[in-house]
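Note: the block below is structure_4.pdb and it holds PDB, C-alpha atoms and all ligand atoms.
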```pdb
ATOM      1  CA  MET A 239     -21.030 -20.035 -40.634
ATOM      2  CA  ALA A 240     -19.559 -18.600 -37.418
ATOM      3  CA  GLY A 241     -19.609 -15.118 -38.973
ATOM      4  CA  PRO A 242     -22.641 -13.623 -37.182
ATOM      5  CA  TRP A 243     -21.269 -14.769 -33.826
ATOM      6  CA  VAL A 244     -17.912 -12.996 -33.999
ATOM      7  CA  PRO A 245     -18.927  -9.673 -32.362
ATOM      8  CA  GLN A 246     -20.373 -11.381 -29.286
ATOM      9  CA  PRO A 247     -17.250 -13.290 -28.156
ATOM     10  CA  VAL A 248     -15.441  -9.934 -28.398
ATOM     11  CA  THR A 249     -17.996  -8.454 -26.003
ATOM     12  CA  THR A 250     -17.483 -11.434 -23.685
ATOM     13  CA  THR A 251     -13.715 -10.896 -23.736
ATOM     14  CA  SER A 252     -14.026  -7.186 -23.020
ATOM     15  CA  SER A 253     -16.453  -7.771 -20.158
ATOM     16  CA  VAL A 254     -14.020 -10.329 -18.703
ATOM     17  CA  LEU A 255     -11.260  -7.720 -19.007
ATOM     18  CA  LEU A 256     -13.488  -5.100 -17.405
ATOM     19  CA  TRP A 257     -14.212  -7.375 -14.461
ATOM     20  CA  ILE A 258     -10.522  -8.141 -13.989
ATOM     21  CA  ALA A 259      -9.758  -4.412 -14.097
ATOM     22  CA  LEU A 260     -12.494  -3.714 -11.540
ATOM     23  CA  LEU A 261     -11.240  -6.474  -9.255
ATOM     24  CA  CYS A 262      -7.723  -5.060  -9.437
ATOM     25  CA  LEU A 263      -8.899  -1.518  -8.754
ATOM     26  CA  ALA A 264     -11.363  -2.432  -5.976
ATOM     27  CA  PRO A 265      -8.873  -2.161  -3.074
ATOM     28  CA  ALA A 266      -7.788   1.294  -4.288
ATOM     29  CA  ILE A 267     -11.341   2.600  -4.635
ATOM     30  CA  ARG A 268     -12.573   1.139  -1.365
ATOM     31  CA  SER A 269     -12.561   4.060   1.099
ATOM     32  CA  ASN A 270     -15.446   4.928   3.335
ATOM     33  CA  GLY A 271     -15.981   7.723   5.826
ATOM     34  CA  PRO A 272     -14.091  11.002   6.159
ATOM     35  CA  PRO A 273     -10.427  11.160   5.103
ATOM     36  CA  ARG A 274      -7.766  10.794   7.773
ATOM     37  CA  ALA A 275      -5.848  13.796   9.001
ATOM     38  CA  VAL A 276      -2.115  13.650   8.304
ATOM     39  CA  LEU A 277       0.235  14.213  11.229
ATOM     40  CA  THR A 278       3.827  15.181  10.475
ATOM     41  CA  LEU A 279       6.793  16.196  12.580
ATOM     42  CA  GLU A 280       8.893  19.286  11.987
ATOM     43  CA  PRO A 281      11.836  18.729  11.917
ATOM     44  CA  PRO A 282      11.031  15.198  10.687
ATOM     45  CA  TRP A 283      13.094  13.198  13.232
ATOM     46  CA  PHE A 284      11.173  10.755  15.386
ATOM     47  CA  ASN A 285      13.990  10.806  17.971
ATOM     48  CA  VAL A 286      15.072  14.074  19.592
ATOM     49  CA  LEU A 287      17.142  15.279  22.519
ATOM     50  CA  ARG A 288      15.749  16.905  25.626
ATOM     51  CA  GLY A 289      15.451  20.649  25.019
ATOM     52  CA  ASP A 290      14.878  20.378  21.233
ATOM     53  CA  ASN A 291      12.051  22.314  19.623
ATOM     54  CA  VAL A 292       9.467  20.051  17.976
ATOM     55  CA  THR A 293       6.373  21.030  15.994
ATOM     56  CA  LEU A 294       3.558  18.621  15.194
ATOM     57  CA  ASN A 295       1.424  19.594  12.200
ATOM     58  CA  CYS A 296      -2.083  18.326  11.587
ATOM     59  CA  GLU A 297      -3.207  18.549   7.974
ATOM     60  CA  GLY A 298      -6.893  17.970   7.523
ATOM     61  CA  PHE A 299      -8.687  20.331   5.114
ATOM     62  CA  GLN A 300      -9.735  22.800   7.826
ATOM     63  CA  THR A 301     -10.450  26.450   7.025
ATOM     64  CA  PRO A 302      -7.417  28.565   7.980
ATOM     65  CA  GLY A 303      -7.813  30.408  11.267
ATOM     66  CA  HIS A 304     -10.615  28.092  12.331
ATOM     67  CA  ASP A 305      -8.660  26.108  14.876
ATOM     68  CA  SER A 306     -10.663  23.104  15.867
ATOM     69  CA  SER A 307      -7.988  20.432  15.920
ATOM     70  CA  GLU A 308      -7.959  17.818  18.593
ATOM     71  CA  TRP A 309      -4.699  16.315  19.841
ATOM     72  CA  LEU A 310      -4.034  13.042  21.563
ATOM     73  CA  HIS A 311      -0.853  12.115  23.418
ATOM     74  CA  ASN A 312      -0.594   8.483  24.544
ATOM     75  CA  GLY A 313      -4.349   8.311  23.896
ATOM     76  CA  SER A 314      -5.242  11.244  26.213
ATOM     77  CA  THR A 315      -6.609  14.569  24.998
ATOM     78  CA  VAL A 316      -4.195  17.510  25.032
ATOM     79  CA  HIS A 317      -5.715  20.966  25.585
ATOM     80  CA  ILE A 318      -4.461  22.397  22.318
ATOM     81  CA  HIS A 319      -6.768  23.340  19.448
ATOM     82  CA  GLN A 320      -4.423  24.769  16.828
ATOM     83  CA  ASP A 321      -3.602  22.664  13.790
ATOM     84  CA  SER A 322       0.067  23.110  14.661
ATOM     85  CA  TYR A 323       1.350  22.053  18.071
ATOM     86  CA  THR A 324       4.796  23.307  19.061
ATOM     87  CA  ILE A 325       6.710  22.021  22.033
ATOM     88  CA  PRO A 326       9.516  24.615  22.539
ATOM     89  CA  ALA A 327      11.762  22.398  24.650
ATOM     90  CA  VAL A 328      10.765  18.783  24.766
ATOM     91  CA  ASN A 329      11.134  16.741  27.892
ATOM     92  CA  ILE A 330      11.247  12.996  28.482
ATOM     93  CA  GLU A 331       7.501  12.940  29.285
ATOM     94  CA  ASP A 332       6.743  14.362  25.833
ATOM     95  CA  SER A 333       7.772  10.968  24.421
ATOM     96  CA  GLY A 334       5.060   8.673  23.168
ATOM     97  CA  GLU A 335       2.382   8.419  20.508
ATOM     98  CA  TYR A 336       0.626  11.437  19.008
ATOM     99  CA  GLN A 337      -2.533  11.619  16.906
ATOM    100  CA  CYS A 338      -4.721  14.488  15.753
ATOM    101  CA  ARG A 339      -8.041  15.113  14.065
ATOM    102  CA  THR A 340      -9.871  18.108  12.650
ATOM    103  CA  GLU A 341     -13.620  18.727  12.259
ATOM    104  CA  GLN A 342     -13.504  17.334   8.716
ATOM    105  CA  THR A 343     -11.271  14.331   9.292
ATOM    106  CA  ALA A 344     -10.975  11.001  10.991
ATOM    107  CA  LEU A 345      -8.145  10.383  13.467
ATOM    108  CA  SER A 346      -4.722  10.724  11.868
ATOM    109  CA  ASN A 347      -1.842   8.308  11.604
ATOM    110  CA  SER A 348      -0.023   7.726  14.861
ATOM    111  CA  VAL A 349       3.354   9.455  15.150
ATOM    112  CA  LYS A 350       5.937   8.335  17.671
ATOM    113  CA  LEU A 351       8.247  10.786  19.368
ATOM    114  CA  GLN A 352      11.199   9.559  21.380
ATOM    115  CA  VAL A 353      12.933  12.056  23.649
ATOM    116  CA  SER A 354      16.238  11.109  25.215
ATOM    117  CA  SER A 355      18.783  12.809  27.385
ATOM    118  CA  ASP A 356      22.285  12.586  25.901
ATOM    119  CA  TRP A 357      25.148  14.574  24.374
ATOM    120  CA  LEU A 358      24.816  13.037  20.954
ATOM    121  CA  LEU A 359      21.953  11.416  19.053
ATOM    122  CA  LEU A 360      21.741   9.746  15.657
ATOM    123  CA  GLN A 361      18.456  11.100  14.321
ATOM    124  CA  VAL A 362      16.263   9.304  11.764
ATOM    125  CA  GLU A 363      12.743   9.918  10.457
ATOM    126  CA  ARG A 364      11.660   6.388  11.346
ATOM    127  CA  LEU A 365      13.122   2.965  12.097
ATOM    128  CA  GLU A 366      11.473   1.103   9.224
ATOM    129  CA  PHE A 367      12.057   1.839   5.563
ATOM    130  CA  MET A 368      10.797   0.311   2.348
ATOM    131  CA  GLU A 369      13.307  -0.663  -0.311
ATOM    132  CA  GLY A 370      13.778   2.358  -2.593
ATOM    133  CA  ASP A 371      13.041   4.985   0.090
ATOM    134  CA  SER A 372      15.581   7.674   0.785
ATOM    135  CA  MET A 373      17.097   7.722   4.267
ATOM    136  CA  ILE A 374      18.786  10.581   6.097
ATOM    137  CA  LEU A 375      20.923  10.062   9.172
ATOM    138  CA  ARG A 376      21.773  13.103  11.253
ATOM    139  CA  CYS A 377      24.321  13.254  14.014
ATOM    140  CA  HIS A 378      22.774  15.749  16.424
ATOM    141  CA  SER A 379      24.406  17.305  19.480
ATOM    142  CA  TRP A 380      22.717  18.486  22.651
ATOM    143  CA  ARG A 381      21.424  22.069  22.177
ATOM    144  CA  SER A 382      23.030  21.842  18.711
ATOM    145  CA  LYS A 383      26.442  22.613  20.219
ATOM    146  CA  PRO A 384      29.274  22.774  17.644
ATOM    147  CA  LEU A 385      30.234  19.288  16.547
ATOM    148  CA  HIS A 386      33.206  18.235  14.431
ATOM    149  CA  LYS A 387      35.228  15.170  13.360
ATOM    150  CA  VAL A 388      31.994  13.321  12.771
ATOM    151  CA  THR A 389      31.922   9.635  11.748
ATOM    152  CA  TYR A 390      28.867   7.514  10.914
ATOM    153  CA  TYR A 391      28.965   3.756  11.558
ATOM    154  CA  HIS A 392      26.885   0.916  10.160
ATOM    155  CA  ASN A 393      27.163  -2.495  11.878
ATOM    156  CA  ASP A 394      30.340  -1.166  13.601
ATOM    157  CA  GLN A 395      32.018  -0.254  10.309
ATOM    158  CA  ALA A 396      32.836   3.389   9.600
ATOM    159  CA  LEU A 397      30.775   4.696   6.677
ATOM    160  CA  LYS A 398      32.036   8.245   6.333
ATOM    161  CA  TYR A 399      34.126  10.810   8.202
ATOM    162  CA  GLU A 400      34.165  14.567   7.795
ATOM    163  CA  TYR A 401      35.735  17.315   9.868
ATOM    164  CA  LYS A 402      32.565  19.413   9.807
ATOM    165  CA  ASN A 403      29.218  17.946  10.866
ATOM    166  CA  PHE A 404      27.145  16.553   8.000
ATOM    167  CA  ASP A 405      24.087  14.428   7.288
ATOM    168  CA  TYR A 406      24.580  10.935   5.872
ATOM    169  CA  ILE A 407      22.118  10.441   3.013
ATOM    170  CA  VAL A 408      21.208   7.192   1.254
ATOM    171  CA  PRO A 409      19.120   8.117  -1.829
ATOM    172  CA  GLN A 410      17.673   4.607  -2.253
ATOM    173  CA  VAL A 411      17.876   2.044   0.521
ATOM    174  CA  ASN A 412      17.968  -1.697  -0.071
ATOM    175  CA  TYR A 413      18.117  -4.623   2.354
ATOM    176  CA  THR A 414      21.886  -4.172   2.768
ATOM    177  CA  HIS A 415      21.111  -0.933   4.649
ATOM    178  CA  SER A 416      19.334  -2.742   7.501
ATOM    179  CA  GLY A 417      21.251  -2.957  10.747
ATOM    180  CA  SER A 418      22.582  -0.828  13.563
ATOM    181  CA  TYR A 419      23.842   2.716  13.149
ATOM    182  CA  TYR A 420      25.566   5.218  15.422
ATOM    183  CA  CYS A 421      27.772   8.256  15.080
ATOM    184  CA  THR A 422      30.706   9.779  16.929
ATOM    185  CA  GLY A 423      31.877  13.370  17.105
ATOM    186  CA  PHE A 424      33.803  15.933  19.093
ATOM    187  CA  MET A 425      32.229  18.698  21.153
ATOM    188  CA  GLY A 426      35.204  20.851  22.011
ATOM    189  CA  HIS A 427      38.008  18.429  22.873
ATOM    190  CA  ILE A 428      35.712  15.696  24.119
ATOM    191  CA  SER A 429      34.677  12.798  21.935
ATOM    192  CA  HIS A 430      31.078  11.595  22.208
ATOM    193  CA  LEU A 431      29.301   8.468  21.016
ATOM    194  CA  SER A 432      25.607   8.296  20.178
ATOM    195  CA  ALA A 433      23.281   5.482  21.179
ATOM    196  CA  THR A 434      22.690   2.772  18.559
ATOM    197  CA  VAL A 435      19.671   3.016  16.263
ATOM    198  CA  VAL A 436      18.450  -0.177  14.571
ATOM    199  CA  ILE A 437      17.070   0.304  11.057
ATOM    200  CA  THR A 438      15.005  -2.260   9.166
ATOM    201  CA  VAL A 439      14.604  -2.127   5.393
ATOM    202  CA  GLN A 440      11.706  -4.109   3.997
ATOM    203  CA  GLY A 441      11.624  -5.228   0.388
ATOM    204  CA  GLY A 442       8.330  -3.664  -0.471
ATOM    205  CA  LYS A 443       8.529  -1.291  -3.376
ATOM    206  CA  LEU A 444       8.312  -2.983  -6.749
ATOM    207  CA  SER A 445      11.487  -3.018  -8.739
ATOM    208  CA  SER A 446      11.133  -2.590 -12.513
ATOM    209  CA  VAL A 447      11.944  -6.301 -12.976
ATOM    210  CA  ASN A 448       9.056  -7.270 -10.676
ATOM    211  CA  VAL A 449       6.705  -4.934 -12.539
ATOM    212  CA  VAL A 450       7.587  -6.644 -15.846
ATOM    213  CA  ILE A 451       7.070 -10.133 -14.347
ATOM    214  CA  ILE A 452       3.727  -9.186 -12.754
ATOM    215  CA  THR A 453       2.533  -7.578 -16.009
ATOM    216  CA  LEU A 454       3.444 -10.733 -17.959
ATOM    217  CA  VAL A 455       1.708 -13.042 -15.485
ATOM    218  CA  LEU A 456      -1.395 -10.827 -15.525
ATOM    219  CA  ALA A 457      -1.409 -10.780 -19.349
ATOM    220  CA  VAL A 458      -1.188 -14.603 -19.465
ATOM    221  CA  VAL A 459      -4.013 -14.938 -16.917
ATOM    222  CA  ILE A 460      -6.230 -12.507 -18.840
ATOM    223  CA  ALA A 461      -5.478 -14.234 -22.165
ATOM    224  CA  THR A 462      -6.287 -17.655 -20.641
ATOM    225  CA  ILE A 463      -9.592 -16.422 -19.209
ATOM    226  CA  ALA A 464     -10.490 -14.744 -22.510
ATOM    227  CA  ALA A 465      -9.609 -17.884 -24.484
ATOM    228  CA  ALA A 466     -11.630 -20.055 -22.101
ATOM    229  CA  ALA A 467     -14.603 -17.692 -22.395
ATOM    230  CA  LEU A 468     -14.334 -17.730 -26.186
ATOM    231  CA  TYR A 469     -14.086 -21.538 -26.300
ATOM    232  CA  TYR A 470     -17.032 -21.965 -23.959
ATOM    233  CA  TYR A 471     -19.075 -19.528 -25.999
ATOM    234  CA  LYS A 472     -18.315 -21.176 -29.355
ATOM    235  CA  ARG A 473     -18.989 -24.668 -28.006
ATOM    236  CA  HIS A 474     -22.400 -23.629 -26.788
ATOM    237  CA  LYS A 475     -23.494 -21.701 -29.872
ATOM    238  CA  LYS A 476     -21.986 -23.505 -32.865
ATOM    239  CA  PRO A 477     -23.892 -26.870 -32.814
ATOM    240  CA  ALA A 478     -27.275 -25.253 -33.587
ATOM    241  CA  HIS A 479     -25.981 -24.378 -37.060
ATOM    242  CA  THR A 480     -25.062 -27.753 -38.521
ATOM    243  CA  PRO A 481     -27.931 -29.214 -40.576
ATOM    244  CA  ASP A 482     -27.584 -32.637 -38.910
ATOM    245  CA  GLU A 483     -28.124 -31.100 -35.507
ATOM    246  CA  ILE A 484     -31.171 -29.133 -36.702
ATOM    247  CA  GLY A 485     -32.646 -32.413 -37.976
ATOM    248  CA  ARG A 486     -31.981 -34.143 -34.662
ATOM    249  CA  ILE A 487     -33.500 -31.294 -32.686
ATOM    250  CA  GLU A 488     -36.649 -31.506 -34.822
ATOM    251  CA  VAL A 489     -36.870 -35.262 -34.208
ATOM    252  CA  GLU A 490     -36.492 -34.671 -30.472
ATOM    253  CA  ASN A 491     -39.220 -32.020 -30.614
ATOM    254  CA  SER A 492     -41.652 -34.310 -32.385
ATOM    255  CA  MET A 493     -40.790 -37.111 -29.956
ATOM    256  CA  SER A 494     -41.604 -34.984 -26.958
ATOM    257  CA  TYR A 495     -44.690 -33.820 -28.818
ATOM    258  CA  SER A 496     -45.782 -37.401 -29.283
ATOM    259  CA  LEU A 497     -45.080 -38.203 -25.625
ATOM    260  CA  LEU A 498     -47.179 -35.217 -24.608
ATOM    261  CA  LYS A 499     -49.961 -36.387 -26.919
ATOM    262  CA  HIS A 500     -49.613 -39.872 -25.497
ATOM    263  CA  THR A 501     -50.255 -38.764 -21.946
ATOM    264  CA  ASP A 502     -53.050 -36.428 -23.016
ATOM    265  CA  SER A 503     -55.146 -38.791 -25.130
ATOM    266  CA  PRO A 504     -54.219 -42.367 -25.995
ATOM    267  CA  GLU A 505     -56.337 -42.191 -29.218
ATOM    268  CA  GLU A 506     -53.960 -39.843 -30.965
ATOM    269  CA  GLU A 507     -50.957 -42.068 -30.271
ATOM    270  CA  ALA A 508     -50.925 -43.178 -33.867
ATOM    271  CA  SER A 509     -50.669 -39.660 -35.370
ATOM    272  CA  GLY A 510     -47.788 -38.879 -33.006
ATOM    273  CA  HIS A 511     -45.975 -41.944 -34.175
ATOM    274  CA  SER A 512     -46.544 -41.069 -37.808
ATOM    275  CA  VAL A 513     -44.696 -37.768 -37.351
ATOM    276  CA  TYR A 514     -41.772 -39.643 -35.857
ATOM    277  CA  GLN A 515     -41.777 -42.280 -38.578
ATOM    278  CA  ASN A 516     -41.748 -39.617 -41.312
ATOM    279  CA  ARG A 517     -38.323 -38.662 -40.170
TER     280      ARG A 517
HETATM  281  C1  LIG B   1       3.728   8.525  26.978
HETATM  282  O1  LIG B   1       4.267   7.225  26.747
HETATM  283  C2  LIG B   1       5.690   7.156  26.732
HETATM  284  C3  LIG B   1       6.086   5.734  26.493
HETATM  285  O2  LIG B   1       5.297   5.124  25.561
HETATM  286  C4  LIG B   1       6.266   7.643  28.051
HETATM  287  O3  LIG B   1       7.675   7.653  27.989
HETATM  288  C5  LIG B   1       5.771   9.047  28.348
HETATM  289  O4  LIG B   1       6.236   9.468  29.613
HETATM  290  C6  LIG B   1       4.244   9.063  28.306
HETATM  291  N1  LIG B   1       3.838  10.440  28.559
HETATM  292  C7  LIG B   1       2.664  10.768  29.093
HETATM  293  C8  LIG B   1       2.432  12.198  29.334
HETATM  294  O5  LIG B   1       1.825   9.924  29.357
HETATM  295  C1  LIG B   2      22.308  -1.406  -2.283
HETATM  296  O1  LIG B   2      22.593  -0.013  -2.443
HETATM  297  C2  LIG B   2      23.968   0.297  -2.619
HETATM  298  C3  LIG B   2      24.095   1.794  -2.775
HETATM  299  O2  LIG B   2      23.610   2.480  -1.719
HETATM  300  C4  LIG B   2      24.516  -0.391  -3.831
HETATM  301  O3  LIG B   2      25.904  -0.135  -3.951
HETATM  302  C5  LIG B   2      24.274  -1.875  -3.741
HETATM  303  O4  LIG B   2      24.678  -2.489  -4.942
HETATM  304  C6  LIG B   2      22.801  -2.154  -3.510
HETATM  305  N1  LIG B   2      22.636  -3.593  -3.330
HETATM  306  C7  LIG B   2      21.624  -4.295  -3.893
HETATM  307  C8  LIG B   2      21.626  -5.733  -3.612
HETATM  308  O5  LIG B   2      20.774  -3.758  -4.577
END
```
Can I see the file as structure tokens?
Amino acid sequence: MAGPWVPQPVTTTSSVLLWIALLCLAPAIRSNGPPRAVLTLEPPWFNVLRGDNVTLNCEGFQTPGHDSSEWLHNGSTVHIHQDSYTIPAVNIEDSGEYQCRTEQTALSNSVKLQVSSDWLLLQVERLEFMEGDSMILRCHSWRSKPLHKVTYYHNDQALKYEYKNFDYIVPQVNYTHSGSYYCTGFMGHISHLSATVVITVQGGKLSSVNVVIITLVLAVVIATIAAAALYYYKRHKKPAHTPDEIGRIEVENSMSYSLLKHTDSPEEEASGHSVYQNR
């Protein structure tokens, strides 16, 4: 009896699935206007010492040799038009926010540069990390003078010591890596201590466990919606098939017919009634 109706609930289910897929994808697809330029630092450290050489690169689909980049420092235009902006020896005033844009792109991400004047600096790419990111700490000396007996500290506890200078690398950070960091080292016979850098690790990246849970929840939601759609569909289509219902519908039709007749011409009231009584 329900045979001929089977293909249509399937179509309903697949259109429900399609809509869910579209709703999930919508935020990813939504992008208007030109793409943003991408501003990166080279070397990647956001914090540097006075006298360091820093290059800012603006990537934005421009034709090579056609330098039309625009640079902003603290919101003011810099008179540089190359897609690569090198500051040979940074000074304190070079600190601040940088942005760039090319002819083909919208304004880039904002990159912060912090220049300080010190003997030693613990360099990091940024102060905020997402769980799962890799993190590199670099104990950097003024003018890259020889540095030895280097120790890295996290929340005042020594992490690692080596005679020769080295970078401290965490391949995958988690929340336990948040906190304050500094390093110590010797330049000649004098021991130096860097300023403290505070790192925050945010639990953002999905762990495999979370992915499994989210997939399960999504599957249950989709199944529920599909089942509801199927139930709704069957409930609204099935009754028309039972013979009793067909009979009742015919009675209702003749009743409305007789009512119509009644209002039209009172003389034919009798014939209308006869149709009803036949049933
Ligand atoms: C830019 O702003 C930073 C602080 O945000 C400041 O230290 C620096 O001197 C400013 N530089 C210029 C050129 O405005
Ligand atoms: C955090 O990462 C360290 C390794 O860097 C690991 O030993 C530790 O178990 C991790 N902690 C959690 C809670 O994932």
Carefully work through the PyMOL selection byres (((not hetatm)) within 8 of (chain B and resi 2)) for this structure and note down the residues it includes, as number ranges by chain. A: 408-415
For range 279-283 of chain A, work out the shell of residues within 9 Å, counting only C-alpha atoms and skipping chain neighbours fewer than 6 positions away, then give it as an mmCIF file with C-alpha atoms, in the frame of the given file.
```cif
data_model
loop_
_atom_site.group_PDB
_atom_site.id
_atom_site.type_symbol
_atom_site.label_atom_id
_atom_site.label_comp_id
_atom_site.auth_asym_id
_atom_site.auth_seq_id
_atom_site.Cartn_x
_atom_site.Cartn_y
_atom_site.Cartn_z
ATOM 1 C CA ASN A 291 12.051 22.314 19.623
ATOM 2 C CA VAL A 292 9.467 20.051 17.976
ATOM 3 C CA THR A 293 6.373 21.030 15.994
ATOM 4 C CA LEU A 294 3.558 18.621 15.194
ATOM 5 C CA ASN A 295 1.424 19.594 12.200
ATOM 6 C CA VAL A 349 3.354 9.455 15.150
ATOM 7 C CA LEU A 351 8.247 10.786 19.368
ATOM 8 C CA GLN A 361 18.456 11.100 14.321
ATOM 9 C CA VAL A 362 16.263 9.304 11.764
ATOM 10 C CA GLU A 363 12.743 9.918 10.457
ATOM 11 C CA ARG A 364 11.660 6.388 11.346
ATOM 12 C CA ARG A 376 21.773 13.103 11.253
#
```
Atom pair CA of His304 in chain A / CA of Glu341 in chain A: separation (Å):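 Between CA of His304 in chain A and CA of Glu341 in chain A the gap is 9.8 Å.
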Contacts to ligand LIG 1 (chain B) at 6 Å cut-off (only C-alpha atoms and all ligand atoms) as JSON, numbers by chain: {"A": [312, 331, 332, 333, 334]}
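Here CA of Leu360 in chain A is placed at a distance of 25.3 Å from CA of Val276 in chain A.
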Counting only C-alpha atoms, which residues have an atom no more than 10 Å from (11.0, -2.0, 1.3) in the file's coordinates? Please list them as a ChimeraX atom specification. /A:366-371,411-413,438-444
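Interatomic distance, CA of Ile428 in chain A to CA of Pro326 in chain A: 27.7 Å.
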Shell around Ser418 in chain A at 9 Å using only C-alpha atoms, local window under 4 positions removed, as a PDB file with C-alpha atoms, keeping the file's coordinate frame:
```pdb
ATOM      1  CA  TYR A 391      28.965   3.756  11.558  1.00  0.00           C
ATOM      2  CA  HIS A 392      26.885   0.916  10.160  1.00  0.00           C
ATOM      3  CA  ASN A 393      27.163  -2.495  11.878  1.00  0.00           C
ATOM      4  CA  ASP A 394      30.340  -1.166  13.601  1.00  0.00           C
ATOM      5  CA  THR A 434      22.690   2.772  18.559  1.00  0.00           C
ATOM      6  CA  VAL A 435      19.671   3.016  16.263  1.00  0.00           C
ATOM      7  CA  VAL A 436      18.450  -0.177  14.571  1.00  0.00           C
ATOM      8  CA  ILE A 437      17.070   0.304  11.057  1.00  0.00           C
ATOM      9  CA  THR A 438      15.005  -2.260   9.166  1.00  0.00           C
TER      10      THR A 438
END
```
Do you know which residues are at most 10 Å from Ser432 in chain A counting only C-alpha atoms, after dropping those on the same chain fewer than 3 positions away, and could you put them as a CSV table (one decimal) with C-alpha atoms, keeping the file's coordinate frame?
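Full text of out14.csv as output:
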```csv
chain,number,residue,atom,x,y,z
A,356,ASP,CA,22.3,12.6,25.9
A,357,TRP,CA,25.1,14.6,24.4
A,358,LEU,CA,24.8,13.0,21.0
A,359,LEU,CA,22.0,11.4,19.1
A,360,LEU,CA,21.7,9.7,15.7
A,361,GLN,CA,18.5,11.1,14.3
A,377,CYS,CA,24.3,13.3,14.0
A,378,HIS,CA,22.8,15.7,16.4
A,379,SER,CA,24.4,17.3,19.5
A,390,TYR,CA,28.9,7.5,10.9
A,419,TYR,CA,23.8,2.7,13.1
A,420,TYR,CA,25.6,5.2,15.4
A,421,CYS,CA,27.8,8.3,15.1
A,422,THR,CA,30.7,9.8,16.9
A,423,GLY,CA,31.9,13.4,17.1
A,435,VAL,CA,19.7,3.0,16.3
```
So that I can see what lies close to Val286 in chain A, please list as a PDB file with C-alpha atoms, keeping the file's coordinate frame the residues with an atom at most 7 Å from it, counting only C-alpha atoms and leaving out residues fewer than 6 positions away in the same chain.
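This went into result.pdb:
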```
ATOM      1  CA  GLN A 352      11.199   9.559  21.380  1.00  0.00           C
ATOM      2  CA  VAL A 353      12.933  12.056  23.649  1.00  0.00           C
ATOM      3  CA  SER A 354      16.238  11.109  25.215  1.00  0.00           C
ATOM      4  CA  GLN A 361      18.456  11.100  14.321  1.00  0.00           C
TER       5      GLN A 361
END
```
Residue contacts of Asp305 in chain A (12 Å, all atoms listed in the file) excluding same-chain residues fewer than 5 positions away, as an NGL selection string: :A and (296-300 or 318-323 or 339-342)
Best match for closeness to Tyr399 in chain A among A:Ala457, A:Val316, A:Ala327, A:Lys387, counting all atoms listed in the file: A:Lys387
If you apply the PyMOL selection byres (((chain A and resi 385) around 6) and not hetatm) to this file, what residues do you get, as a VMD selection string? chain A and resid 384 386 403 424 to 425
Given the choices A:Leu397, A:Leu287, A:Val388, A:Leu468, which gets closest to Ser355 in chain A if the distance is worked out from all atoms listed in the file?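 Of all the options, A:Leu287 lies closest to Ser355 in chain A.
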